[in-house]
$ cat work_0.pdb   # PDB, C-alpha atoms
ATOM      1  CA  MET A   1    -172.471  57.230-232.701
ATOM      2  CA  THR A   2    -168.941  58.255-231.787
ATOM      3  CA  ASN A   3    -165.733  56.352-232.395
ATOM      4  CA  GLN A   4    -162.148  56.125-231.242
ATOM      5  CA  THR A   5    -159.369  55.635-233.773
ATOM      6  CA  GLU A   6    -155.589  55.657-233.766
ATOM      7  CA  PHE A   7    -153.551  57.010-236.663
ATOM      8  CA  SER A   8    -150.152  58.561-237.395
ATOM      9  CA  ILE A   9    -148.931  61.678-239.137
ATOM     10  CA  VAL A  10    -145.519  61.378-240.729
ATOM     11  CA  TYR A  11    -143.137  64.034-242.040
ATOM     12  CA  GLY A  12    -140.510  62.258-244.120
ATOM     13  CA  GLY A  13    -137.997  62.750-246.910
ATOM     14  CA  ASP A  14    -134.477  64.181-246.702
ATOM     15  CA  ALA A  15    -135.681  67.251-244.790
ATOM     16  CA  TYR A  16    -136.810  65.088-241.863
ATOM     17  CA  SER A  17    -134.419  62.131-242.177
ATOM     18  CA  HIS A  18    -132.677  62.928-238.875
ATOM     19  CA  ASN A  19    -135.889  62.572-236.861
ATOM     20  CA  GLN A  20    -135.994  66.319-236.175
ATOM     21  CA  ILE A  21    -138.559  68.996-236.945
ATOM     22  CA  ASP A  22    -138.821  72.663-236.066
ATOM     23  CA  ALA A  23    -140.782  72.976-232.819
ATOM     24  CA  ARG A  24    -142.999  75.773-234.156
ATOM     25  CA  ILE A  25    -143.833  73.835-237.325
ATOM     26  CA  LEU A  26    -144.744  70.734-235.311
ATOM     27  CA  GLY A  27    -146.667  72.758-232.742
ATOM     28  CA  ASN A  28    -148.677  74.521-235.438
ATOM     29  CA  ALA A  29    -149.279  71.237-237.265
ATOM     30  CA  LEU A  30    -150.580  69.413-234.176
ATOM     31  CA  SER A  31    -152.698  72.384-233.160
ATOM     32  CA  SER A  32    -154.143  72.513-236.676
ATOM     33  CA  LEU A  33    -154.810  68.761-236.643
ATOM     34  CA  ALA A  34    -156.740  69.070-233.369
ATOM     35  CA  THR A  35    -158.718  72.030-234.721
ATOM     36  CA  LEU A  36    -159.299  70.238-238.026
ATOM     37  CA  ILE A  37    -160.837  67.238-236.264
ATOM     38  CA  GLU A  38    -162.925  69.320-233.842
ATOM     39  CA  HIS A  39    -164.200  71.815-236.413
ATOM     40  CA  SER A  40    -164.931  69.095-238.992
ATOM     41  CA  ASP A  41    -167.048  67.096-236.540
ATOM     42  CA  LYS A  42    -168.976  70.182-235.429
ATOM     43  CA  LEU A  43    -169.449  71.328-239.043
ATOM     44  CA  LEU A  44    -170.859  67.952-240.080
ATOM     45  CA  ASN A  45    -172.728  66.926-236.914
ATOM     46  CA  GLY A  46    -173.529  70.061-234.923
ATOM     47  CA  GLU A  47    -172.173  71.835-231.870
ATOM     48  CA  GLY A  48    -173.182  69.013-229.508
ATOM     49  CA  VAL A  49    -170.236  66.803-230.456
ATOM     50  CA  SER A  50    -166.974  67.012-228.518
ATOM     51  CA  PRO A  51    -164.129  65.114-230.217
ATOM     52  CA  LYS A  52    -160.638  65.161-228.719
ATOM     53  CA  LEU A  53    -157.162  64.520-230.117
ATOM     54  CA  THR A  54    -154.388  63.046-228.005
ATOM     55  CA  VAL A  55    -150.729  62.525-228.951
ATOM     56  CA  LYS A  56    -149.475  59.176-227.695
ATOM     57  CA  ALA A  57    -145.833  58.928-228.825
ATOM     58  CA  HIS A  58    -143.536  59.338-231.777
ATOM     59  CA  LYS A  59    -141.571  56.710-233.667
ATOM     60  CA  GLU A  60    -137.943  56.719-234.762
ATOM     61  CA  GLY A  61    -137.050  57.469-238.382
ATOM     62  CA  SER A  62    -138.535  60.362-240.352
ATOM     63  CA  PHE A  63    -140.753  62.170-237.857
ATOM     64  CA  GLU A  64    -143.842  60.166-236.990
ATOM     65  CA  VAL A  65    -146.374  61.118-234.335
ATOM     66  CA  ILE A  66    -148.974  58.610-233.134
ATOM     67  CA  CYS A  67    -152.326  60.276-232.452
ATOM     68  CA  GLU A  68    -155.691  59.138-231.175
ATOM     69  CA  ALA A  69    -159.021  60.752-232.037
ATOM     70  CA  ILE A  70    -161.601  60.145-229.313
ATOM     71  CA  GLY A  71    -165.362  60.656-229.503
ATOM     72  CA  ILE A  72    -165.418  61.449-233.219
ATOM     73  CA  SER A  73    -168.378  60.627-235.486
ATOM     74  CA  MET A  74    -167.982  57.963-238.181
ATOM     75  CA  ASN A  75    -168.983  60.278-241.033
ATOM     76  CA  THR A  76    -166.297  62.738-239.913
ATOM     77  CA  LEU A  77    -163.680  59.967-239.847
ATOM     78  CA  GLU A  78    -164.624  59.049-243.423
ATOM     79  CA  ALA A  79    -164.617  62.648-244.684
ATOM     80  CA  LEU A  80    -161.203  63.242-243.079
ATOM     81  CA  GLY A  81    -159.838  60.055-244.618
ATOM     82  CA  LEU A  82    -159.119  58.457-241.238
ATOM     83  CA  THR A  83    -161.058  55.343-242.214
ATOM     84  CA  THR A  84    -162.044  53.667-245.462
ATOM     85  CA  GLY A  85    -165.438  52.702-246.811
ATOM     86  CA  ALA A  86    -166.864  55.784-248.546
ATOM     87  CA  ALA A  87    -168.716  54.672-251.692
ATOM     88  CA  THR A  88    -168.273  57.675-253.957
ATOM     89  CA  ALA A  89    -165.385  58.447-256.311
ATOM     90  CA  ILE A  90    -164.111  61.124-253.916
ATOM     91  CA  GLY A  91    -164.532  59.833-250.379
ATOM     92  CA  SER A  92    -162.268  62.163-248.391
ATOM     93  CA  ILE A  93    -161.036  65.755-248.286
ATOM     94  CA  TRP A  94    -157.529  64.550-249.176
ATOM     95  CA  ALA A  95    -158.656  62.747-252.330
ATOM     96  CA  ALA A  96    -160.683  65.791-253.376
ATOM     97  CA  LEU A  97    -157.737  68.167-252.939
ATOM     98  CA  GLU A  98    -155.407  65.837-254.848
ATOM     99  CA  ILE A  99    -157.802  65.668-257.808
ATOM    100  CA  ILE A 100    -158.625  69.394-257.883
ATOM    101  CA  LYS A 101    -154.911  70.325-257.634
ATOM    102  CA  GLY A 102    -155.502  73.854-256.373
ATOM    103  CA  LYS A 103    -157.839  74.836-259.219
ATOM    104  CA  LYS A 104    -160.864  77.019-258.582
ATOM    105  CA  ILE A 105    -164.188  75.175-258.366
ATOM    106  CA  ALA A 106    -166.510  76.811-260.896
ATOM    107  CA  GLU A 107    -169.721  75.307-259.546
ATOM    108  CA  ILE A 108    -171.014  72.785-257.019
ATOM    109  CA  ASN A 109    -174.440  71.153-257.268
ATOM    110  CA  THR A 110    -175.548  69.326-254.119
ATOM    111  CA  ASP A 111    -178.594  67.071-253.885
ATOM    112  CA  LYS A 112    -179.247  67.013-250.141
ATOM    113  CA  SER A 113    -181.659  64.086-250.521
ATOM    114  CA  SER A 114    -178.940  61.787-251.877
ATOM    115  CA  GLY A 115    -176.049  63.440-250.024
ATOM    116  CA  ILE A 116    -174.025  63.704-253.243
ATOM    117  CA  SER A 117    -172.284  66.839-254.543
ATOM    118  CA  LYS A 118    -171.171  67.336-258.155
ATOM    119  CA  LEU A 119    -168.156  69.603-258.610
ATOM    120  CA  ILE A 120    -167.306  71.346-261.878
ATOM    121  CA  VAL A 121    -163.564  72.009-262.085
ATOM    122  CA  GLY A 122    -162.317  73.198-265.461
ATOM    123  CA  ASN A 123    -163.984  70.918-268.003
ATOM    124  CA  LYS A 124    -164.397  68.028-265.549
ATOM    125  CA  GLU A 125    -167.331  66.997-263.362
ATOM    126  CA  LEU A 126    -166.464  65.159-260.145
ATOM    127  CA  GLU A 127    -168.631  63.576-257.461
ATOM    128  CA  CYS A 128    -168.080  63.577-253.708
ATOM    129  CA  THR A 129    -170.152  63.214-250.571
ATOM    130  CA  GLU A 130    -171.888  66.282-249.179
ATOM    131  CA  ASP A 131    -169.690  65.947-246.072
ATOM    132  CA  VAL A 132    -166.515  66.182-248.171
ATOM    133  CA  LYS A 133    -167.991  69.174-249.992
ATOM    134  CA  LYS A 134    -168.634  70.948-246.672
ATOM    135  CA  LEU A 135    -165.026  70.452-245.587
ATOM    136  CA  LEU A 136    -163.671  71.358-249.016
ATOM    137  CA  THR A 137    -165.509  74.697-249.078
ATOM    138  CA  SER A 138    -164.785  75.699-245.467
ATOM    139  CA  GLN A 139    -162.118  78.401-245.105
ATOM    140  CA  ALA A 140    -161.525  77.294-241.498
ATOM    141  CA  ILE A 141    -160.852  73.694-242.556
ATOM    142  CA  ARG A 142    -158.610  74.717-245.439
ATOM    143  CA  LYS A 143    -156.589  76.952-243.108
ATOM    144  CA  GLU A 144    -155.800  74.005-240.816
ATOM    145  CA  ILE A 145    -154.865  71.755-243.759
ATOM    146  CA  ASP A 146    -152.502  74.487-244.952
ATOM    147  CA  GLN A 147    -150.759  74.412-241.546
ATOM    148  CA  LEU A 148    -150.779  70.615-241.316
ATOM    149  CA  VAL A 149    -149.617  69.735-244.842
ATOM    150  CA  TYR A 150    -148.531  72.670-246.997
ATOM    151  CA  LYS A 151    -146.386  74.658-244.548
ATOM    152  CA  PRO A 152    -144.260  71.722-243.241
ATOM    153  CA  LEU A 153    -143.424  70.737-246.838
ATOM    154  CA  GLN A 154    -141.940  74.142-247.723
ATOM    155  CA  THR A 155    -138.393  72.824-247.211
ATOM    156  CA  GLU A 156    -135.151  73.145-249.173
ATOM    157  CA  LYS A 157    -134.675  69.380-249.296
ATOM    158  CA  SER A 158    -137.238  66.796-250.391
ATOM    159  CA  SER A 159    -140.062  66.213-247.929
ATOM    160  CA  LEU A 160    -143.389  64.419-247.692
ATOM    161  CA  PHE A 161    -146.458  64.084-245.492
ATOM    162  CA  LYS A 162    -148.197  60.801-244.697
ATOM    163  CA  LEU A 163    -151.352  59.925-242.855
ATOM    164  CA  LYS A 164    -151.306  56.282-241.712
ATOM    165  CA  SER A 165    -153.841  54.038-240.014
ATOM    166  CA  ASP A 166    -153.126  52.115-236.820
ATOM    167  CA  ASN A 167    -152.119  49.075-238.916
ATOM    168  CA  GLN A 168    -149.651  51.229-240.907
ATOM    169  CA  GLU A 169    -151.815  51.456-244.036
ATOM    170  CA  ILE A 170    -151.030  54.698-245.877
ATOM    171  CA  LEU A 171    -154.275  56.670-246.032
ATOM    172  CA  THR A 172    -152.792  59.789-247.632
ATOM    173  CA  GLU A 173    -149.365  60.666-248.978
ATOM    174  CA  VAL A 174    -148.313  64.105-250.229
ATOM    175  CA  GLU A 175    -144.879  64.894-251.650
ATOM    176  CA  LYS A 176    -143.308  68.356-251.666
ATOM    177  CA  ASP A 177    -143.995  68.868-255.389
ATOM    178  CA  SER A 178    -147.725  68.283-254.809
ATOM    179  CA  ALA A 179    -148.016  70.387-251.648
ATOM    180  CA  LYS A 180    -149.463  73.415-253.445
ATOM    181  CA  SER A 181    -152.710  71.457-253.912
ATOM    182  CA  PHE A 182    -153.190  71.771-250.139
ATOM    183  CA  LYS A 183    -152.437  75.478-249.909
ATOM    184  CA  ARG A 184    -155.199  77.713-248.598
ATOM    185  CA  LYS A 185    -157.121  79.675-251.261
ATOM    186  CA  ASN A 186    -158.971  82.974-250.841
ATOM    187  CA  VAL A 187    -161.886  81.988-253.113
ATOM    188  CA  LEU A 188    -162.785  78.301-252.908
ATOM    189  CA  VAL A 189    -165.862  78.071-255.123
ATOM    190  CA  GLN A 190    -167.530  80.496-257.526
ATOM    191  CA  LYS A 191    -171.067  79.114-257.357
ATOM    192  CA  ASP A 192    -172.504  76.661-254.810
ATOM    193  CA  ILE A 193    -175.986  75.283-255.551
ATOM    194  CA  GLU A 194    -177.852  73.192-252.968
ATOM    195  CA  THR A 195    -181.103  71.379-253.749
ATOM    196  CA  GLU A 196    -183.344  69.996-251.023
ATOM    197  CA  THR A 197    -186.750  68.309-251.313
ATOM    198  CA  ARG A 198    -189.243  68.419-248.442
ATOM    199  CA  GLU A 199    -192.769  67.092-247.967
ATOM    200  CA  VAL A 200    -194.777  69.988-246.509
ATOM    201  CA  ASN A 201    -198.353  71.104-245.848
ATOM    202  CA  ILE A 202    -199.272  74.255-247.766
ATOM    203  CA  HIS A 203    -202.161  76.513-248.752
ATOM    204  CA  PHE A 204    -202.320  77.974-252.249
ATOM    205  CA  ALA A 205    -202.356  81.780-252.113
ATOM    206  CA  LYS A 206    -202.285  82.349-255.889
ATOM    207  CA  VAL A 207    -202.885  79.935-258.775
ATOM    208  CA  ASN A 208    -202.405  79.987-262.551
ATOM    209  CA  PHE A 209    -203.681  76.803-264.177
ATOM    210  CA  SER A 210    -202.416  77.813-267.624
ATOM    211  CA  SER A 211    -198.750  78.030-266.646
ATOM    212  CA  VAL A 212    -196.098  76.670-264.309
ATOM    213  CA  ARG A 213    -195.477  80.282-263.276
ATOM    214  CA  GLY A 214    -197.717  82.617-261.340
ATOM    215  CA  TRP A 215    -198.205  80.368-258.303
ATOM    216  CA  SER A 216    -197.646  81.252-254.670
ATOM    217  CA  ILE A 217    -198.149  79.260-251.487
ATOM    218  CA  ILE A 218    -198.337  79.735-247.733
ATOM    219  CA  LEU A 219    -195.991  77.581-245.657
ATOM    220  CA  PRO A 220    -196.888  76.198-242.189
ATOM    221  CA  ASP A 221    -195.060  79.113-240.517
ATOM    222  CA  GLY A 222    -197.177  81.615-242.467
ATOM    223  CA  GLU A 223    -194.463  82.621-244.937
ATOM    224  CA  HIS A 224    -195.678  83.436-248.478
ATOM    225  CA  ILE A 225    -193.386  82.254-251.284
ATOM    226  CA  THR A 226    -193.575  82.194-255.078
ATOM    227  CA  VAL A 227    -193.266  78.720-256.603
ATOM    228  CA  ALA A 228    -193.156  77.014-259.974
ATOM    229  CA  MET A 229    -195.824  74.312-260.411
ATOM    230  CA  ASN A 230    -194.034  71.390-262.055
ATOM    231  CA  ASP A 231    -196.676  68.722-261.407
ATOM    232  CA  GLU A 232    -198.225  68.365-264.872
ATOM    233  CA  ASN A 233    -200.586  65.613-263.705
ATOM    234  CA  PHE A 234    -202.067  67.904-261.072
ATOM    235  CA  LEU A 235    -202.567  70.711-263.599
ATOM    236  CA  GLU A 236    -204.186  68.334-266.094
ATOM    237  CA  ARG A 237    -206.482  66.822-263.467
ATOM    238  CA  VAL A 238    -207.701  70.227-262.319
ATOM    239  CA  ASN A 239    -208.152  71.614-265.846
ATOM    240  CA  THR A 240    -209.885  68.485-267.192
ATOM    241  CA  ASN A 241    -212.361  68.110-264.347
ATOM    242  CA  GLN A 242    -212.813  71.848-263.834
ATOM    243  CA  MET A 243    -212.515  71.240-260.113
ATOM    244  CA  ARG A 244    -212.240  74.082-257.660
ATOM    245  CA  PHE A 245    -210.630  74.443-254.294
ATOM    246  CA  SER A 246    -210.658  77.070-251.601
ATOM    247  CA  LYS A 247    -207.679  79.132-250.439
ATOM    248  CA  ASP A 248    -208.249  77.517-247.035
ATOM    249  CA  ASP A 249    -207.754  73.996-248.425
ATOM    250  CA  LEU A 250    -204.651  72.201-247.240
ATOM    251  CA  PHE A 251    -202.382  70.319-249.639
ATOM    252  CA  VAL A 252    -199.392  68.055-249.046
ATOM    253  CA  VAL A 253    -196.701  68.700-251.658
ATOM    254  CA  SER A 254    -193.139  67.749-252.491
ATOM    255  CA  LEU A 255    -191.381  71.119-252.374
ATOM    256  CA  ARG A 256    -187.963  71.525-253.978
ATOM    257  CA  ILE A 257    -185.774  74.338-252.637
ATOM    258  CA  GLU A 258    -182.742  75.488-254.625
ATOM    259  CA  THR A 259    -180.279  77.828-252.926
ATOM    260  CA  VAL A 260    -177.478  79.522-254.858
ATOM    261  CA  LYS A 261    -174.416  80.900-253.065
ATOM    262  CA  GLU A 262    -171.660  82.957-254.630
ATOM    263  CA  GLU A 263    -168.548  83.629-252.528
ATOM    264  CA  ASP A 264    -170.380  82.330-249.419
ATOM    265  CA  ALA A 265    -173.319  84.733-249.824
ATOM    266  CA  ILE A 266    -176.812  83.514-250.787
ATOM    267  CA  THR A 267    -177.707  85.235-254.059
ATOM    268  CA  LYS A 268    -180.862  83.361-255.038
ATOM    269  CA  THR A 269    -183.427  80.943-253.597
ATOM    270  CA  THR A 270    -186.093  79.357-255.810
ATOM    271  CA  TYR A 271    -188.988  77.061-254.919
ATOM    272  CA  SER A 272    -190.885  74.565-257.046
ATOM    273  CA  ILE A 273    -193.584  71.968-256.439
ATOM    274  CA  ASP A 274    -192.496  68.686-257.991
ATOM    275  CA  LYS A 275    -195.631  66.800-256.949
ATOM    276  CA  VAL A 276    -198.950  67.494-255.261
ATOM    277  CA  ILE A 277    -199.271  64.456-253.024
ATOM    278  CA  ARG A 278    -202.571  64.928-251.203
ATOM    279  CA  HIS A 279    -205.565  67.272-250.982
ATOM    280  CA  ARG A 280    -206.796  67.437-247.393
ATOM    281  CA  ALA A 281    -210.484  68.103-247.991
ATOM    282  CA  ALA A 282    -213.880  66.385-247.810
ATOM    283  CA  LYS A 283    -214.026  63.312-250.071
ATOM    284  CA  GLU A 284    -216.469  64.867-252.553
ATOM    285  CA  ARG A 285    -214.184  67.910-253.002
ATOM    286  CA  ARG A 286    -210.890  66.081-253.036
ATOM    287  CA  ILE A 287    -208.783  66.659-256.158
ATOM    288  CA  ILE A 288    -206.131  64.114-255.327
TER     289      ILE A 288
END
$ encode --input "work_0.pdb" --output "structure tokens"
Amino acid sequence: MTNQTEFSIVYGGDAYSHNQIDARILGNALSSLATLIEHSDKLLNGEGVSPKLTVKAHKEGSFEVICEAIGISMNTLEALGLTTGAATAIGSIWAALEIIKGKKIAEINTDKSSGISKLIVGNKELECTEDVKKLLTSQAIRKEIDQLVYKPLQTEKSSLFKLKSDNQEILTEVEKDSAKSFKRKNVLVQKDIETETREVNIHFAKVNFSSVRGWSIILPDGEHITVAMNDENFLERVNTNQMRFSKDDLFVVSLRIETVKEEDAITKTTYSIDKVIRHRAAKERRII
């Protein structure tokens, strides 16, 4: 579902009190805003979306530009802070950047099933949506925010940036002294861990009933992977009843996939079976 929303960007303070702004700064800022909206929507919802930004007018006093985002997805509006309603502590990219204050993110743990990411910054653990995490860790997104917020606030006199809704509610406000929190960084996160759980059909290629290790499975596409067997009930049931199964037997399992990225490169992927859900076999041979 796509949406249409009107909002304003404001450059205020003494530096912009005469309703003037350098043409290049404004041009870069508007270009970055358009790219920010387009790239964010494609990053979160795929290449099929086609949002558009239009500039309607500007108001007197400070330097305020009225914009309209057309054909943009609701989750993108929320992640960009152009609407309210996100349920987590950090519901937008702006709130996340304000809290992090330019510090390096040591680690991110994302549970893709719940859509929640936990960020470790210094000695603090913060929660945000997975959408906000995707924007926060994108170099392309951070580059546009640098042009939209940080660069225009590098003025001799006091200056500020505001993002306002169509009813003039202030959605985001950044003063010159806080602008460095929105500056682009070369390394955004040291370690990014994503966890996803899928229900899949598998064949067991190798078993080890005495340990959680030493198991391997065959996925539907034929790929062989090593897994940890974390379903203690399944192990106990097999060991107690001394039941056997063939390598051709099909099982339905809950497979957890953990992917570790360091500096945007995947360094490790691990697989584990949290639960064996079903044994697709004749009734007399069925383990579960």
$ closest_atom_pairs --input "work_0.pdb" --of "stretch 57-147 of chain A" --to "stretch 32-45 of chain A" --cutoff "10 Å" --atoms "all atoms listed in the file" --output "tab-separated table"
residue	atom	partner	partner_atom	distance
A:Cys67	CA	A:Leu33	CA	9.8
A:Ala69	CA	A:Ile37	CA	8.0
A:Ile70	CA	A:Ile37	CA	10.0
A:Gly71	CA	A:Asp41	CA	9.7
A:Ile72	CA	A:Asp41	CA	6.8
A:Ser73	CA	A:Asp41	CA	6.7
A:Met74	CA	A:Asp41	CA	9.3
A:Asn75	CA	A:Leu44	CA	8.0
A:Thr76	CA	A:Asp41	CA	5.6
A:Leu77	CA	A:Asp41	CA	8.5
A:Ala79	CA	A:Ser40	CA	8.6
A:Leu80	CA	A:Ile37	CA	7.9
A:Glu130	CA	A:Leu44	CA	9.3
A:Asp131	CA	A:Leu44	CA	6.4
A:Val132	CA	A:Leu44	CA	9.4
A:Lys134	CA	A:Leu44	CA	7.6
A:Leu135	CA	A:Ser40	CA	6.7
A:Ser138	CA	A:Leu43	CA	9.1
A:Ala140	CA	A:His39	CA	7.9
A:Ile141	CA	A:Leu36	CA	5.9
A:Arg142	CA	A:Leu36	CA	8.7
A:Lys143	CA	A:Ser32	CA	8.2
A:Glu144	CA	A:Ser32	CA	4.7
A:Ile145	CA	A:Ser32	CA	7.2
A:Asp146	CA	A:Ser32	CA	8.7
A:Gln147	CA	A:Ser32	CA	6.2
$ resolve_selection --input "work_0.pdb" --expression "the PyMOL selection byres ((chain A and resi 196-208) around 6)" --output "list in words"
Lys112, Thr195, Phe209, Ser210, Ser211, Gly214, Trp215, Ser216, Ile217, Ile218, Leu219, Lys247, Leu250, Phe251, Val252, Val253, Ser254, Leu255, Arg256 and Ile257 of chain A
$ resolve_selection --input "work_0.pdb" --expression "the PyMOL selection byres ((chain A and resi 113-128) around 12)" --output "ChimeraX atom specification"
/A:75,78-79,86-97,99-112,129-137,188-199,256-257
$ resolve_selection --input "work_0.pdb" --expression "the PyMOL selection byres ((chain A and resi 227) around 7)" --output "list in words"
Trp215, Ser216, Ile225, Thr226, Ala228, Met229, Tyr271, Ser272 and Ile273 of chain A
$ closest_residue --input "work_0.pdb" --among "A:Val212, A:Ala15, A:Leu160, A:Ile25" --to "A:Glu236" --atoms "only C-alpha atoms"
A:Val212
$ closest_residue --input "work_0.pdb" --among "A:Ser8, A:Gln154, A:Gln168, A:Asn230" --to "A:Asp274" --atoms "all atoms listed in the file"
A:Asn230
$ closest_residue --input "work_0.pdb" --among "A:Ser159, A:Val187, A:Phe245, A:Asp14" --to "A:Val174" --atoms "all atoms listed in the file"
A:Ser159
$ atom_distance --input "work_0.pdb" --atom1 "atom CA of A:Ser178" --atom2 "atom CA of A:Thr83"
22.4 Å
$ atom_distance --input "work_0.pdb" --atom1 "atom CA of A:Thr54" --atom2 "atom CA of A:Phe7"
10.6 Å
$ build_atoms --input "work_0.pdb" --residues "stretch 9-33 of chain A" --atoms "N, CA and C atoms" --output "PDB file, in the coordinates of the input"
ATOM      1  N   ILE A   9    -149.342  60.715-238.121  1.00  0.00           N
ATOM      2  CA  ILE A   9    -148.931  61.678-239.137  1.00  0.00           C
ATOM      3  C   ILE A   9    -147.413  61.575-239.246  1.00  0.00           C
ATOM      4  N   VAL A  10    -146.944  61.582-240.477  1.00  0.00           N
ATOM      5  CA  VAL A  10    -145.519  61.378-240.729  1.00  0.00           C
ATOM      6  C   VAL A  10    -144.991  62.502-241.605  1.00  0.00           C
ATOM      7  N   TYR A  11    -143.879  63.101-241.194  1.00  0.00           N
ATOM      8  CA  TYR A  11    -143.137  64.034-242.040  1.00  0.00           C
ATOM      9  C   TYR A  11    -141.830  63.340-242.397  1.00  0.00           C
ATOM     10  N   GLY A  12    -141.666  63.024-243.686  1.00  0.00           N
ATOM     11  CA  GLY A  12    -140.510  62.258-244.120  1.00  0.00           C
ATOM     12  C   GLY A  12    -139.724  62.955-245.205  1.00  0.00           C
ATOM     13  N   GLY A  13    -138.865  62.194-245.889  1.00  0.00           N
ATOM     14  CA  GLY A  13    -137.997  62.750-246.910  1.00  0.00           C
ATOM     15  C   GLY A  13    -136.681  63.218-246.314  1.00  0.00           C
ATOM     16  N   ASP A  14    -135.801  63.737-247.158  1.00  0.00           N
ATOM     17  CA  ASP A  14    -134.477  64.181-246.702  1.00  0.00           C
ATOM     18  C   ASP A  14    -134.562  65.262-245.632  1.00  0.00           C
ATOM     19  N   ALA A  15    -135.564  66.132-245.735  1.00  0.00           N
ATOM     20  CA  ALA A  15    -135.681  67.251-244.790  1.00  0.00           C
ATOM     21  C   ALA A  15    -135.904  66.771-243.359  1.00  0.00           C
ATOM     22  N   TYR A  16    -136.494  65.591-243.208  1.00  0.00           N
ATOM     23  CA  TYR A  16    -136.810  65.088-241.863  1.00  0.00           C
ATOM     24  C   TYR A  16    -136.135  63.749-241.578  1.00  0.00           C
ATOM     25  N   SER A  17    -135.074  63.438-242.304  1.00  0.00           N
ATOM     26  CA  SER A  17    -134.419  62.131-242.177  1.00  0.00           C
ATOM     27  C   SER A  17    -133.698  61.945-240.848  1.00  0.00           C
ATOM     28  N   HIS A  18    -133.397  63.031-240.149  1.00  0.00           N
ATOM     29  CA  HIS A  18    -132.677  62.928-238.875  1.00  0.00           C
ATOM     30  C   HIS A  18    -133.623  62.929-237.672  1.00  0.00           C
ATOM     31  N   ASN A  19    -134.907  62.664-237.944  1.00  0.00           N
ATOM     32  CA  ASN A  19    -135.889  62.572-236.861  1.00  0.00           C
ATOM     33  C   ASN A  19    -135.999  63.877-236.081  1.00  0.00           C
ATOM     34  N   GLN A  20    -135.864  65.003-236.797  1.00  0.00           N
ATOM     35  CA  GLN A  20    -135.994  66.319-236.175  1.00  0.00           C
ATOM     36  C   GLN A  20    -136.944  67.184-236.997  1.00  0.00           C
ATOM     37  N   ILE A  21    -137.642  68.067-236.299  1.00  0.00           N
ATOM     38  CA  ILE A  21    -138.559  68.996-236.945  1.00  0.00           C
ATOM     39  C   ILE A  21    -138.591  70.270-236.119  1.00  0.00           C
ATOM     40  N   ASP A  22    -138.740  71.386-236.766  1.00  0.00           N
ATOM     41  CA  ASP A  22    -138.821  72.663-236.066  1.00  0.00           C
ATOM     42  C   ASP A  22    -140.002  72.632-235.090  1.00  0.00           C
ATOM     43  N   ALA A  23    -139.759  73.049-233.871  1.00  0.00           N
ATOM     44  CA  ALA A  23    -140.782  72.976-232.819  1.00  0.00           C
ATOM     45  C   ALA A  23    -142.026  73.769-233.183  1.00  0.00           C
ATOM     46  N   ARG A  24    -141.844  74.947-233.796  1.00  0.00           N
ATOM     47  CA  ARG A  24    -142.999  75.773-234.156  1.00  0.00           C
ATOM     48  C   ARG A  24    -143.821  75.108-235.259  1.00  0.00           C
ATOM     49  N   ILE A  25    -143.123  74.515-236.236  1.00  0.00           N
ATOM     50  CA  ILE A  25    -143.833  73.835-237.325  1.00  0.00           C
ATOM     51  C   ILE A  25    -144.647  72.672-236.775  1.00  0.00           C
ATOM     52  N   LEU A  26    -144.028  71.868-235.900  1.00  0.00           N
ATOM     53  CA  LEU A  26    -144.744  70.734-235.311  1.00  0.00           C
ATOM     54  C   LEU A  26    -145.886  71.206-234.424  1.00  0.00           C
ATOM     55  N   GLY A  27    -145.620  72.234-233.621  1.00  0.00           N
ATOM     56  CA  GLY A  27    -146.667  72.758-232.742  1.00  0.00           C
ATOM     57  C   GLY A  27    -147.860  73.259-233.531  1.00  0.00           C
ATOM     58  N   ASN A  28    -147.592  74.013-234.591  1.00  0.00           N
ATOM     59  CA  ASN A  28    -148.677  74.521-235.438  1.00  0.00           C
ATOM     60  C   ASN A  28    -149.423  73.382-236.120  1.00  0.00           C
ATOM     61  N   ALA A  29    -148.659  72.366-236.570  1.00  0.00           N
ATOM     62  CA  ALA A  29    -149.279  71.237-237.265  1.00  0.00           C
ATOM     63  C   ALA A  29    -150.207  70.459-236.341  1.00  0.00           C
ATOM     64  N   LEU A  30    -149.755  70.160-235.125  1.00  0.00           N
ATOM     65  CA  LEU A  30    -150.580  69.413-234.176  1.00  0.00           C
ATOM     66  C   LEU A  30    -151.790  70.222-233.727  1.00  0.00           C
ATOM     67  N   SER A  31    -151.581  71.511-233.523  1.00  0.00           N
ATOM     68  CA  SER A  31    -152.698  72.384-233.160  1.00  0.00           C
ATOM     69  C   SER A  31    -153.729  72.415-234.283  1.00  0.00           C
ATOM     70  N   SER A  32    -153.242  72.490-235.525  1.00  0.00           N
ATOM     71  CA  SER A  32    -154.143  72.513-236.676  1.00  0.00           C
ATOM     72  C   SER A  32    -154.863  71.183-236.838  1.00  0.00           C
ATOM     73  N   LEU A  33    -154.172  70.072-236.558  1.00  0.00           N
ATOM     74  CA  LEU A  33    -154.810  68.761-236.643  1.00  0.00           C
ATOM     75  C   LEU A  33    -155.940  68.645-235.625  1.00  0.00           C
TER      76      LEU A  33
END
